[in-house]
Amino acid sequence: MNEPGWIFQKFIKKHNLIKSTLFRGGNQDGLKEFNERLIIHVIRNSREITGTDISNLTGISVQSVSRIVKRLCDTGLLIKKDPLRIKGKVGQPSIPIALNPNGVFSVGVKIGRKSMDVLVIDFVGNILRQITESYEYPDPSKILPKVRDNISKTINFLNHEQRKRIVGIGVAAPYGLGDWPNELQGPPEVLRKWVDIDLLKEVSKNLEYPVWLEHDAKSACLADLTLNHQSQKFTNYLYIFVGTIIGGAVVLDGLLHRGSRGFAGAIGPSPVPRSFYTKSNNNSSPIVPLLQCASRYLLDEKLIELGFDPQVIVPLSGNDETYRTITVVRNKVDEWLENSSAAISIAILSSISNLDVEGVVVDGSFPLGVISELRDRIENKLNDYSFTGIKRPKLISGNLGNDARALGGAIIPLYWSFSPHKTSIF
């Protein structure tokens, strides 16, 4: 990168003014910024693309695309690749444009109910450094100091010039971290402490970078939307993440949709028949929330009863499926898959009755093979239902696994700084 860092800093400063101009109406500066964001968005989705193709996809004139690309190359956000020389074609060769991996860096934090991750990514989403810690339940007095310490370690991993290009820190965490104490098997008095904690304020202490906070499942969806090129075939889709407690999100018109209060796509509380609830209690309600029927903690409890460490015998990610060689473990996983897929299929049917989506992406804190099998079983369960009056969505597996939420946290600053969401035009 040949241009001095102050050009980039000026560019970022301009984009961060968005929040202070939200209610001033649209203007030329807003339209110019929206076009910049739109071009970055198209390049990210295409990985490499020529200026002519950018113009065809966006409707922005070739001349305007050329000016914007040059400006973004000058800031170090974009790079020009080697010319494409097509045999038999006359004229100047086409030059593909791509994101500059070193153009921007971002830090992601995932605070989960059983583990915490802090990582740093480059502009294209490569993980450069990651710190992971596990715990039995989320105790804020222990977790928050570690989060701040690990953020410092992660930032210090970058050199001085790279640190100047950190656009921000994104925090992914469930709403109500201390909720569901019975499911988390943690002391209620400890978990209740989360009620009085301003997580954004706590993480932001003594940090010079802007900090964003988003729900963990929505963050995972954002990572899927940005990095999973298979799901980019959908303009509208439901995203399901099977973590310690199942959650979800929804993408509409190609962008993450939060809803008026941030709960859009929250599939965990979806009502399903009590027959899918594998425990017994005195509640006589005919329905239970999906999260009590299709969350990872249910399988973990069974594996602990058998004397296994759940995260060792059934890892949170990767391709390690040695559990299949142990009959008793394989049977428990099979039981969990059968019950979970049946419950999730009902929640999907209910969701698509209200949301006209083309697809459903299923991911979670499991080996990729388990996620793929869960998807297949959900597909089979959906075969038993009628789709008269609605359109059946296509189901695909996510490919980010347990890293999705932390990656999504790191992508939050990139999303709000560079994606063409509607507010950027005002």
# chains A, B, ... in the order shown; residues from 1 in each chain; ligands from 1

$ closest_atom_pairs --of "stretch 190-233 of chain A" --to "stretch 265-287 of chain A" --cutoff "10 Å" --atoms "only C-alpha atoms" --output "tab-separated table"
residue	atom	partner	partner_atom	distance
A:His215	CA	A:Ala266	CA	9.7
A:Ala217	CA	A:Ala266	CA	8.1
A:Lys218	CA	A:Gly265	CA	8.4

$ residues_around --residues "A:Tyr209" --least-positions-apart "3" --cutoff "9 Å" --atoms "only C-alpha atoms" --output "PDB file with N, CA and C atoms, in the first residue's frame"
ATOM      1  N   ILE A 166      -7.585  -0.602  12.128  1.00  0.00           N
ATOM      2  CA  ILE A 166      -8.691  -1.288  12.808  1.00  0.00           C
ATOM      3  C   ILE A 166      -9.915  -0.385  12.756  1.00  0.00           C
ATOM      4  N   VAL A 167     -10.986  -0.884  12.172  1.00  0.00           N
ATOM      5  CA  VAL A 167     -12.181  -0.065  12.010  1.00  0.00           C
ATOM      6  C   VAL A 167     -13.076  -0.112  13.243  1.00  0.00           C
ATOM      7  N   GLY A 168     -12.919  -1.140  14.091  1.00  0.00           N
ATOM      8  CA  GLY A 168     -13.718  -1.219  15.304  1.00  0.00           C
ATOM      9  C   GLY A 168     -13.738  -2.617  15.895  1.00  0.00           C
ATOM     10  N   ILE A 169     -14.524  -2.756  16.947  1.00  0.00           N
ATOM     11  CA  ILE A 169     -14.660  -4.025  17.671  1.00  0.00           C
ATOM     12  C   ILE A 169     -16.142  -4.378  17.733  1.00  0.00           C
ATOM     13  N   SER A 204     -16.286  -1.579  26.272  1.00  0.00           N
ATOM     14  CA  SER A 204     -15.695  -0.362  25.689  1.00  0.00           C
ATOM     15  C   SER A 204     -14.681   0.329  26.592  1.00  0.00           C
TER      16      SER A 204
END

$ residues_around --residues "A:Ile412" --least-positions-apart "2" --cutoff "12 Å" --atoms "only C-alpha atoms" --output "PyMOL selection string"
chain A and resi 105-110+121+123+125+167-172+210-216+218-223+225-226+256+405-410+414-419

$ write_last_selection --atoms "N, CA and C atoms" --output "compact mmCIF listing (two decimals), in the first residue's frame"
# COMPACT_ATOMS: atom_id res chain seq x y z
N PHE A 105 -8.82 -3.91 9.25
CA PHE A 105 -8.81 -5.00 10.22
C PHE A 105 -9.95 -4.76 11.22
N SER A 106 -10.45 -5.84 11.78
CA SER A 106 -11.56 -5.73 12.72
C SER A 106 -11.43 -6.80 13.79
N VAL A 107 -11.86 -6.47 14.99
CA VAL A 107 -11.79 -7.39 16.12
C VAL A 107 -13.20 -7.88 16.46
N GLY A 108 -13.32 -9.17 16.68
CA GLY A 108 -14.60 -9.76 17.05
C GLY A 108 -14.53 -10.42 18.41
N VAL A 109 -15.60 -10.27 19.18
CA VAL A 109 -15.71 -10.89 20.50
C VAL A 109 -17.02 -11.67 20.55
N LYS A 110 -16.94 -12.93 20.94
CA LYS A 110 -18.15 -13.71 21.19
C LYS A 110 -18.19 -14.10 22.65
N ILE A 121 -9.71 -10.18 12.28
CA ILE A 121 -9.79 -10.59 10.88
C ILE A 121 -9.31 -9.45 9.98
N PHE A 123 -9.74 -7.65 5.93
CA PHE A 123 -10.89 -7.11 5.21
C PHE A 123 -11.69 -8.18 4.48
N GLY A 125 -12.01 -11.33 5.65
CA GLY A 125 -12.55 -12.28 6.62
C GLY A 125 -11.59 -13.36 7.08
N VAL A 167 -10.99 -0.88 12.17
CA VAL A 167 -12.18 -0.07 12.01
C VAL A 167 -13.08 -0.11 13.24
N GLY A 168 -12.92 -1.14 14.09
CA GLY A 168 -13.72 -1.22 15.30
C GLY A 168 -13.74 -2.62 15.89
N ILE A 169 -14.52 -2.76 16.95
CA ILE A 169 -14.66 -4.02 17.67
C ILE A 169 -16.14 -4.38 17.73
N GLY A 170 -16.46 -5.60 17.34
CA GLY A 170 -17.84 -6.07 17.39
C GLY A 170 -18.00 -7.14 18.45
N VAL A 171 -19.03 -7.01 19.27
CA VAL A 171 -19.29 -7.96 20.35
C VAL A 171 -20.58 -8.72 20.03
N ALA A 172 -20.49 -10.04 20.00
CA ALA A 172 -21.65 -10.90 19.78
C ALA A 172 -21.98 -11.63 21.08
N PRO A 210 -14.21 2.32 18.20
CA PRO A 210 -15.65 2.19 18.38
C PRO A 210 -16.04 0.73 18.61
N VAL A 211 -17.07 0.51 19.41
CA VAL A 211 -17.52 -0.85 19.74
C VAL A 211 -19.00 -0.98 19.40
N TRP A 212 -19.34 -2.09 18.74
CA TRP A 212 -20.72 -2.42 18.42
C TRP A 212 -21.13 -3.66 19.22
N LEU A 213 -22.42 -3.79 19.49
CA LEU A 213 -22.96 -4.96 20.19
C LEU A 213 -24.13 -5.51 19.39
N GLU A 214 -24.12 -6.83 19.17
CA GLU A 214 -25.21 -7.48 18.44
C GLU A 214 -25.48 -8.86 19.02
N HIS A 215 -26.71 -9.32 18.84
CA HIS A 215 -27.09 -10.66 19.27
C HIS A 215 -26.21 -11.70 18.59
N ASP A 216 -25.86 -12.76 19.32
CA ASP A 216 -24.89 -13.72 18.78
C ASP A 216 -25.40 -14.46 17.54
N LYS A 218 -27.60 -13.36 15.36
CA LYS A 218 -27.61 -12.40 14.25
C LYS A 218 -26.19 -12.14 13.76
N SER A 219 -25.24 -12.13 14.67
CA SER A 219 -23.84 -11.98 14.28
C SER A 219 -23.40 -13.16 13.42
N ALA A 220 -23.79 -14.37 13.83
CA ALA A 220 -23.46 -15.56 13.05
C ALA A 220 -24.08 -15.47 11.66
N CYS A 221 -25.31 -14.98 11.61
CA CYS A 221 -25.99 -14.80 10.32
C CYS A 221 -25.23 -13.80 9.46
N LEU A 222 -24.75 -12.74 10.07
CA LEU A 222 -23.99 -11.73 9.34
C LEU A 222 -22.72 -12.32 8.75
N ALA A 223 -22.06 -13.20 9.52
CA ALA A 223 -20.87 -13.88 9.00
C ALA A 223 -21.24 -14.79 7.84
N LEU A 225 -23.83 -14.46 5.85
CA LEU A 225 -24.22 -13.59 4.74
C LEU A 225 -23.00 -13.04 4.01
N THR A 226 -21.95 -12.76 4.75
CA THR A 226 -20.76 -12.13 4.19
C THR A 226 -19.77 -13.13 3.61
N LEU A 256 -29.13 -8.13 6.55
CA LEU A 256 -29.61 -8.60 7.85
C LEU A 256 -30.77 -7.73 8.30
N ARG A 405 -20.18 -17.04 15.15
CA ARG A 405 -20.60 -15.91 16.00
C ARG A 405 -19.46 -14.93 16.25
N ALA A 406 -18.26 -15.45 16.53
CA ALA A 406 -17.12 -14.56 16.73
C ALA A 406 -16.75 -13.85 15.43
N LEU A 407 -16.79 -14.59 14.32
CA LEU A 407 -16.54 -13.96 13.02
C LEU A 407 -17.57 -12.88 12.75
N GLY A 408 -18.83 -13.18 13.09
CA GLY A 408 -19.87 -12.18 12.91
C GLY A 408 -19.63 -10.95 13.74
N GLY A 409 -19.10 -11.16 14.96
CA GLY A 409 -18.76 -10.01 15.80
C GLY A 409 -17.74 -9.13 15.10
N ALA A 410 -16.72 -9.75 14.50
CA ALA A 410 -15.68 -8.99 13.81
C ALA A 410 -16.21 -8.32 12.55
N LEU A 414 -17.33 -3.92 10.06
CA LEU A 414 -17.21 -3.83 8.61
C LEU A 414 -18.58 -3.59 7.98
N TYR A 415 -19.59 -4.26 8.52
CA TYR A 415 -20.95 -4.15 7.98
C TYR A 415 -21.47 -2.73 8.11
N TRP A 416 -21.35 -2.15 9.30
CA TRP A 416 -21.89 -0.81 9.52
C TRP A 416 -21.02 0.27 8.89
N SER A 417 -19.78 -0.05 8.60
CA SER A 417 -18.91 0.95 7.98
C SER A 417 -18.89 0.87 6.46
N PHE A 418 -19.19 -0.33 5.89
CA PHE A 418 -19.00 -0.48 4.46
C PHE A 418 -20.16 -1.10 3.69
N SER A 419 -21.19 -1.64 4.35
CA SER A 419 -22.29 -2.27 3.62
C SER A 419 -23.32 -1.23 3.19

$ residues_around --residues "A:Glu133" --least-positions-apart "5" --cutoff "8 Å" --atoms "only C-alpha atoms" --output "PyMOL selection string"
chain A and resi 115-117

$ closest_residue --among "A:Val361, A:Cys73, A:Ile348, A:Leu400" --to "A:Ile240" --atoms "only C-alpha atoms"
A:Val361

$ closest_residue --among "A:Glu136, A:Glu183, A:Val312, A:Leu207" --to "A:Cys293" --atoms "only C-alpha atoms"
A:Glu183

$ closest_residue --among "A:Asn126, A:Gln162, A:Gln185, A:Thr52" --to "A:Pro138" --atoms "only C-alpha atoms"
A:Gln185

$ closest_residue --among "A:Ile411, A:Asp53, A:Gly318, A:Glu189" --to "A:Asp122" --atoms "only C-alpha atoms"
A:Ile411

$ residues_around --residues "A:Asn156" --least-positions-apart "6" --cutoff "12 Å" --atoms "only C-alpha atoms" --output "PyMOL selection string"
chain A and resi 107+119-120+128-129+149-150+162-164+166

$ write_last_selection --atoms "C-alpha atoms" --output "PDB file, in the first residue's frame"
ATOM      1  CA  VAL A 107     -11.789  -7.392  16.123  1.00  0.00           C
ATOM      2  CA  LEU A 119     -10.315 -12.815  17.175  1.00  0.00           C
ATOM      3  CA  VAL A 120      -9.022 -10.365  14.604  1.00  0.00           C
ATOM      4  CA  LEU A 128      -5.359 -13.768  11.802  1.00  0.00           C
ATOM      5  CA  ARG A 129      -5.402 -14.475  15.532  1.00  0.00           C
ATOM      6  CA  ASP A 149      -7.401  -8.696  28.399  1.00  0.00           C
ATOM      7  CA  ASN A 150      -7.852 -10.859  25.308  1.00  0.00           C
ATOM      8  CA  GLN A 162      -2.215  -2.538  10.956  1.00  0.00           C
ATOM      9  CA  ARG A 163      -3.561  -1.221  14.262  1.00  0.00           C
ATOM     10  CA  LYS A 164      -4.147   2.156  12.603  1.00  0.00           C
ATOM     11  CA  ILE A 166      -8.691  -1.288  12.808  1.00  0.00           C
TER      12      ILE A 166
END

$ atom_distance --atom1 "atom CA of A:Phe263" --atom2 "atom CA of A:Val251"
12.6 Å

$ closest_residue --among "A:Arg192, A:Arg148, A:Arg165, A:Lys302" --to "A:Val333" --atoms "only C-alpha atoms"
A:Lys302

$ select_by_dssp --residues "stretch 109-342 of chain A" --states "strand (DSSP E or B)" --output "MDAnalysis selection string"
chainID A and resid 109:111 115:122 127:134 166:173 211:215 237:242 247:252 255:257 271:273 287:289

$ closest_residue --among "A:Val360, A:Ile79, A:Leu337, A:Leu199" --to "A:Arg392" --atoms "only C-alpha atoms"
A:Val360

$ select_by_dssp --residues "stretch 32-124 of chain A" --states "alpha helix (DSSP H)" --output "number ranges by chain"
A: 32-46, 51-58, 62-74

$ write_last_selection --atoms "N, CA and C atoms" --output "compact mmCIF listing (two decimals), in the first residue's frame"
# COMPACT_ATOMS: atom_id res chain seq x y z
N LYS A 32 -23.18 9.51 -2.77
CA LYS A 32 -21.80 9.16 -3.10
C LYS A 32 -21.29 8.06 -2.17
N GLU A 33 -21.57 8.19 -0.89
CA GLU A 33 -21.13 7.18 0.08
C GLU A 33 -21.84 5.86 -0.16
N PHE A 34 -23.14 5.93 -0.47
CA PHE A 34 -23.89 4.70 -0.73
C PHE A 34 -23.29 3.97 -1.92
N ASN A 35 -22.93 4.69 -2.98
CA ASN A 35 -22.33 4.06 -4.16
C ASN A 35 -20.99 3.41 -3.82
N GLU A 36 -20.20 4.07 -2.98
CA GLU A 36 -18.93 3.48 -2.53
C GLU A 36 -19.19 2.15 -1.82
N ARG A 37 -20.15 2.20 -0.92
CA ARG A 37 -20.48 0.99 -0.15
C ARG A 37 -21.01 -0.11 -1.07
N LEU A 38 -21.86 0.29 -2.02
CA LEU A 38 -22.46 -0.69 -2.93
C LEU A 38 -21.38 -1.38 -3.75
N ILE A 39 -20.40 -0.63 -4.22
CA ILE A 39 -19.31 -1.21 -5.00
C ILE A 39 -18.47 -2.16 -4.14
N ILE A 40 -18.16 -1.76 -2.91
CA ILE A 40 -17.43 -2.65 -2.00
C ILE A 40 -18.22 -3.93 -1.76
N HIS A 41 -19.54 -3.79 -1.59
CA HIS A 41 -20.42 -4.94 -1.34
C HIS A 41 -20.40 -5.91 -2.53
N VAL A 42 -20.49 -5.36 -3.74
CA VAL A 42 -20.48 -6.20 -4.95
C VAL A 42 -19.13 -6.90 -5.10
N ILE A 43 -18.06 -6.18 -4.84
CA ILE A 43 -16.72 -6.79 -4.95
C ILE A 43 -16.56 -7.90 -3.92
N ARG A 44 -17.04 -7.66 -2.70
CA ARG A 44 -16.93 -8.71 -1.66
C ARG A 44 -17.67 -9.96 -2.09
N ASN A 45 -18.87 -9.79 -2.62
CA ASN A 45 -19.67 -10.96 -3.02
C ASN A 45 -19.05 -11.68 -4.22
N SER A 46 -18.36 -10.93 -5.07
CA SER A 46 -17.79 -11.53 -6.29
C SER A 46 -16.34 -11.98 -6.12
N GLY A 51 -14.54 -3.57 -13.63
CA GLY A 51 -15.33 -2.36 -13.51
C GLY A 51 -16.58 -2.40 -14.35
N THR A 52 -16.48 -2.98 -15.55
CA THR A 52 -17.66 -3.08 -16.42
C THR A 52 -18.74 -3.94 -15.78
N ASP A 53 -18.34 -5.05 -15.18
CA ASP A 53 -19.32 -5.92 -14.52
C ASP A 53 -19.92 -5.25 -13.29
N ILE A 54 -19.12 -4.47 -12.57
CA ILE A 54 -19.65 -3.71 -11.44
C ILE A 54 -20.74 -2.76 -11.92
N SER A 55 -20.49 -2.08 -13.03
CA SER A 55 -21.46 -1.15 -13.61
C SER A 55 -22.74 -1.88 -14.00
N ASN A 56 -22.60 -3.05 -14.62
CA ASN A 56 -23.77 -3.82 -15.04
C ASN A 56 -24.61 -4.26 -13.85
N LEU A 57 -23.94 -4.62 -12.76
CA LEU A 57 -24.66 -5.13 -11.58
C LEU A 57 -25.31 -4.01 -10.76
N THR A 58 -24.68 -2.85 -10.73
CA THR A 58 -25.15 -1.78 -9.85
C THR A 58 -25.95 -0.69 -10.55
N VAL A 62 -20.04 3.44 -15.97
CA VAL A 62 -18.67 2.93 -16.00
C VAL A 62 -17.69 4.01 -15.55
N GLN A 63 -17.96 5.25 -15.97
CA GLN A 63 -17.07 6.35 -15.59
C GLN A 63 -17.09 6.58 -14.07
N SER A 64 -18.29 6.55 -13.47
CA SER A 64 -18.40 6.74 -12.02
C SER A 64 -17.75 5.59 -11.27
N VAL A 65 -17.94 4.36 -11.77
CA VAL A 65 -17.31 3.19 -11.15
C VAL A 65 -15.80 3.36 -11.17
N SER A 66 -15.27 3.82 -12.30
CA SER A 66 -13.82 4.00 -12.43
C SER A 66 -13.30 5.01 -11.42
N ARG A 67 -14.03 6.13 -11.25
CA ARG A 67 -13.60 7.16 -10.30
C ARG A 67 -13.65 6.64 -8.86
N ILE A 68 -14.74 5.93 -8.54
CA ILE A 68 -14.89 5.42 -7.17
C ILE A 68 -13.84 4.35 -6.88
N VAL A 69 -13.61 3.46 -7.82
CA VAL A 69 -12.60 2.41 -7.63
C VAL A 69 -11.23 3.03 -7.43
N LYS A 70 -10.90 4.05 -8.22
CA LYS A 70 -9.61 4.71 -8.04
C LYS A 70 -9.49 5.31 -6.65
N ARG A 71 -10.56 5.96 -6.20
CA ARG A 71 -10.54 6.58 -4.86
C ARG A 71 -10.37 5.52 -3.77
N LEU A 72 -11.05 4.40 -3.92
CA LEU A 72 -10.96 3.34 -2.92
C LEU A 72 -9.61 2.61 -2.98
N CYS A 73 -9.02 2.57 -4.18
CA CYS A 73 -7.66 2.01 -4.28
C CYS A 73 -6.67 2.95 -3.60
N ASP A 74 -6.88 4.27 -3.76
CA ASP A 74 -5.98 5.24 -3.13
C ASP A 74 -6.03 5.15 -1.61
